[in-house]
Amino acid sequence: PAPAALVTSAIGFTDADLVSRFGLSERQAAVARMMAEGWNNPEIAEALGISRFTARNHATQVLARLGIANRGRLAATLRAAWDREKASN
């Protein structure tokens with residue numbers, strides 16, 4: 001399988017896209033993608049091999065860095081950004 005950083009997600013962006021376009025760390029990008037796809041913190045923690053506490057911290061940091069209030073708004077914001085990017089190409 002392709003590395004997660006190169007796999008286009010349901011929100012359109014790859015993890016690498018999230019790093020370059022939104023200034024997230026690689027781990028934050030993975031967490032942001034998972035959050036936008038509807039994963040909860042325990043699922044993120046298990047998938048990434050980190051504690052639930054660490055997953056929660058990453059989730060909080062992602063929302064704060066992007067200035068977004070919640071997971072639903074994160075998903076909507078990333079999908080809208082993807083749609084704008086597709087429309088401009």
# chains A, B, ... in the order shown; residues from 1 in each chain; ligands from 1

call {"tool": "closest_atom_pairs", "arguments": {"of": "stretch 20-41 of chain A", "to": "stretch 51-62 of chain A", "cutoff": "7 Å", "atoms": "only C-alpha atoms", "output": "CSV"}}
result
residue,atom,partner,partner_atom,distance
A:Gln28,CA,A:His58,CA,6.1
A:Val31,CA,A:Ala59,CA,6.5
A:Ala32,CA,A:Val62,CA,6.4
A:Asn41,CA,A:Ala55,CA,5.6

call {"tool": "select_by_dssp", "arguments": {"residues": "chain A", "states": "helix (DSSP H, G or I)", "output": "ChimeraX atom specification"}}
result
/A:4-6,15-22,26-36,41-48,52-66,71-88

call {"tool": "closest_residue", "arguments": {"among": "A:Ala87, A:Ala36, A:Ile11, A:Ile44", "to": "A:Gly72", "atoms": "only C-alpha atoms"}}
result
A:Ala36

call {"tool": "closest_residue", "arguments": {"among": "A:Ile68, A:Ala45, A:Ala76, A:Phe13", "to": "A:Arg27", "atoms": "only C-alpha atoms"}}
result
A:Ala45

call {"tool": "closest_residue", "arguments": {"among": "A:Leu63, A:Ala75, A:Leu18, A:Leu24", "to": "A:Trp39", "atoms": "only C-alpha atoms"}}
result
A:Ala75

call {"tool": "decode", "arguments": {"residues": "stretch 16-28 of chain A", "atoms": "all heavy atoms", "output": "short mmCIF file (atom, residue, chain, number, x, y, z; two decimals), in the first residue's frame"}}
result
data_model
loop_
_atom_site.label_atom_id
_atom_site.label_comp_id
_atom_site.auth_asym_id
_atom_site.auth_seq_id
_atom_site.Cartn_x
_atom_site.Cartn_y
_atom_site.Cartn_z
N ALA A 16 0.39 15.03 3.10
CA ALA A 16 1.44 15.94 2.64
C ALA A 16 0.85 17.28 2.22
O ALA A 16 1.45 18.34 2.47
CB ALA A 16 2.23 15.31 1.50
N ASP A 17 -0.33 17.27 1.59
CA ASP A 17 -1.01 18.52 1.23
C ASP A 17 -1.33 19.33 2.47
O ASP A 17 -1.17 20.55 2.49
CB ASP A 17 -2.34 18.24 0.51
CG ASP A 17 -2.19 17.64 -0.87
OD1 ASP A 17 -1.16 17.91 -1.53
OD2 ASP A 17 -3.10 16.91 -1.29
N LEU A 18 -1.81 18.65 3.51
CA LEU A 18 -2.19 19.35 4.74
C LEU A 18 -0.97 19.98 5.40
O LEU A 18 -1.07 21.07 5.97
CB LEU A 18 -2.89 18.39 5.71
CG LEU A 18 -4.24 17.85 5.23
CD1 LEU A 18 -4.75 16.79 6.20
CD2 LEU A 18 -5.25 18.96 5.06
N VAL A 19 0.18 19.32 5.29
CA VAL A 19 1.41 19.88 5.84
C VAL A 19 1.79 21.15 5.07
O VAL A 19 2.03 22.20 5.66
CB VAL A 19 2.57 18.85 5.78
CG1 VAL A 19 3.90 19.50 6.08
CG2 VAL A 19 2.30 17.70 6.74
N SER A 20 1.81 21.06 3.74
CA SER A 20 2.29 22.19 2.94
C SER A 20 1.29 23.35 2.87
O SER A 20 1.68 24.51 2.92
CB SER A 20 2.66 21.73 1.53
OG SER A 20 1.53 21.29 0.82
N ARG A 21 0.02 23.05 2.80
CA ARG A 21 -0.97 24.12 2.63
C ARG A 21 -1.43 24.77 3.93
O ARG A 21 -1.82 25.92 3.94
CB ARG A 21 -2.19 23.58 1.89
CG ARG A 21 -1.91 23.34 0.42
CD ARG A 21 -3.10 22.69 -0.26
NE ARG A 21 -2.92 22.55 -1.68
CZ ARG A 21 -2.20 21.62 -2.27
NH1 ARG A 21 -1.54 20.74 -1.54
NH2 ARG A 21 -2.10 21.55 -3.58
N PHE A 22 -1.42 23.99 5.00
CA PHE A 22 -1.98 24.49 6.26
C PHE A 22 -0.96 24.61 7.38
O PHE A 22 -1.30 24.98 8.49
CB PHE A 22 -3.16 23.61 6.70
CG PHE A 22 -4.30 23.61 5.72
CD1 PHE A 22 -4.44 22.59 4.80
CD2 PHE A 22 -5.21 24.66 5.70
CE1 PHE A 22 -5.48 22.60 3.89
CE2 PHE A 22 -6.25 24.67 4.79
CZ PHE A 22 -6.39 23.64 3.87
N GLY A 23 0.30 24.28 7.09
CA GLY A 23 1.36 24.45 8.08
C GLY A 23 1.28 23.49 9.26
O GLY A 23 1.77 23.81 10.34
N LEU A 24 0.69 22.33 9.04
CA LEU A 24 0.60 21.33 10.10
C LEU A 24 1.84 20.45 10.10
O LEU A 24 2.48 20.28 9.06
CB LEU A 24 -0.64 20.46 9.90
CG LEU A 24 -1.99 21.17 9.89
CD1 LEU A 24 -3.10 20.19 9.55
CD2 LEU A 24 -2.26 21.84 11.22
N SER A 25 2.16 19.87 11.25
CA SER A 25 3.21 18.86 11.29
C SER A 25 2.66 17.59 10.62
O SER A 25 1.45 17.47 10.38
CB SER A 25 3.60 18.55 12.73
OG SER A 25 2.55 17.84 13.39
N GLU A 26 3.53 16.65 10.32
CA GLU A 26 3.08 15.41 9.70
C GLU A 26 2.07 14.69 10.59
O GLU A 26 1.06 14.18 10.10
CB GLU A 26 4.27 14.51 9.38
CG GLU A 26 5.11 15.05 8.24
CD GLU A 26 6.29 14.16 7.90
OE1 GLU A 26 6.34 13.00 8.35
OE2 GLU A 26 7.16 14.63 7.16
N ARG A 27 2.33 14.64 11.89
CA ARG A 27 1.40 13.97 12.81
C ARG A 27 0.08 14.73 12.88
O ARG A 27 -0.99 14.14 12.86
CB ARG A 27 2.05 13.83 14.19
CG ARG A 27 1.20 13.13 15.25
CD ARG A 27 0.69 11.75 14.82
NE ARG A 27 1.71 10.83 14.47
CZ ARG A 27 2.12 9.81 15.21
NH1 ARG A 27 1.61 9.60 16.39
NH2 ARG A 27 3.06 9.01 14.76
N GLN A 28 0.15 16.06 12.96
CA GLN A 28 -1.07 16.87 12.99
C GLN A 28 -1.88 16.67 11.71
O GLN A 28 -3.11 16.62 11.76
CB GLN A 28 -0.75 18.34 13.18
CG GLN A 28 -0.26 18.70 14.56
CD GLN A 28 0.25 20.12 14.65
OE1 GLN A 28 0.63 20.73 13.66
NE2 GLN A 28 0.26 20.66 15.86
#
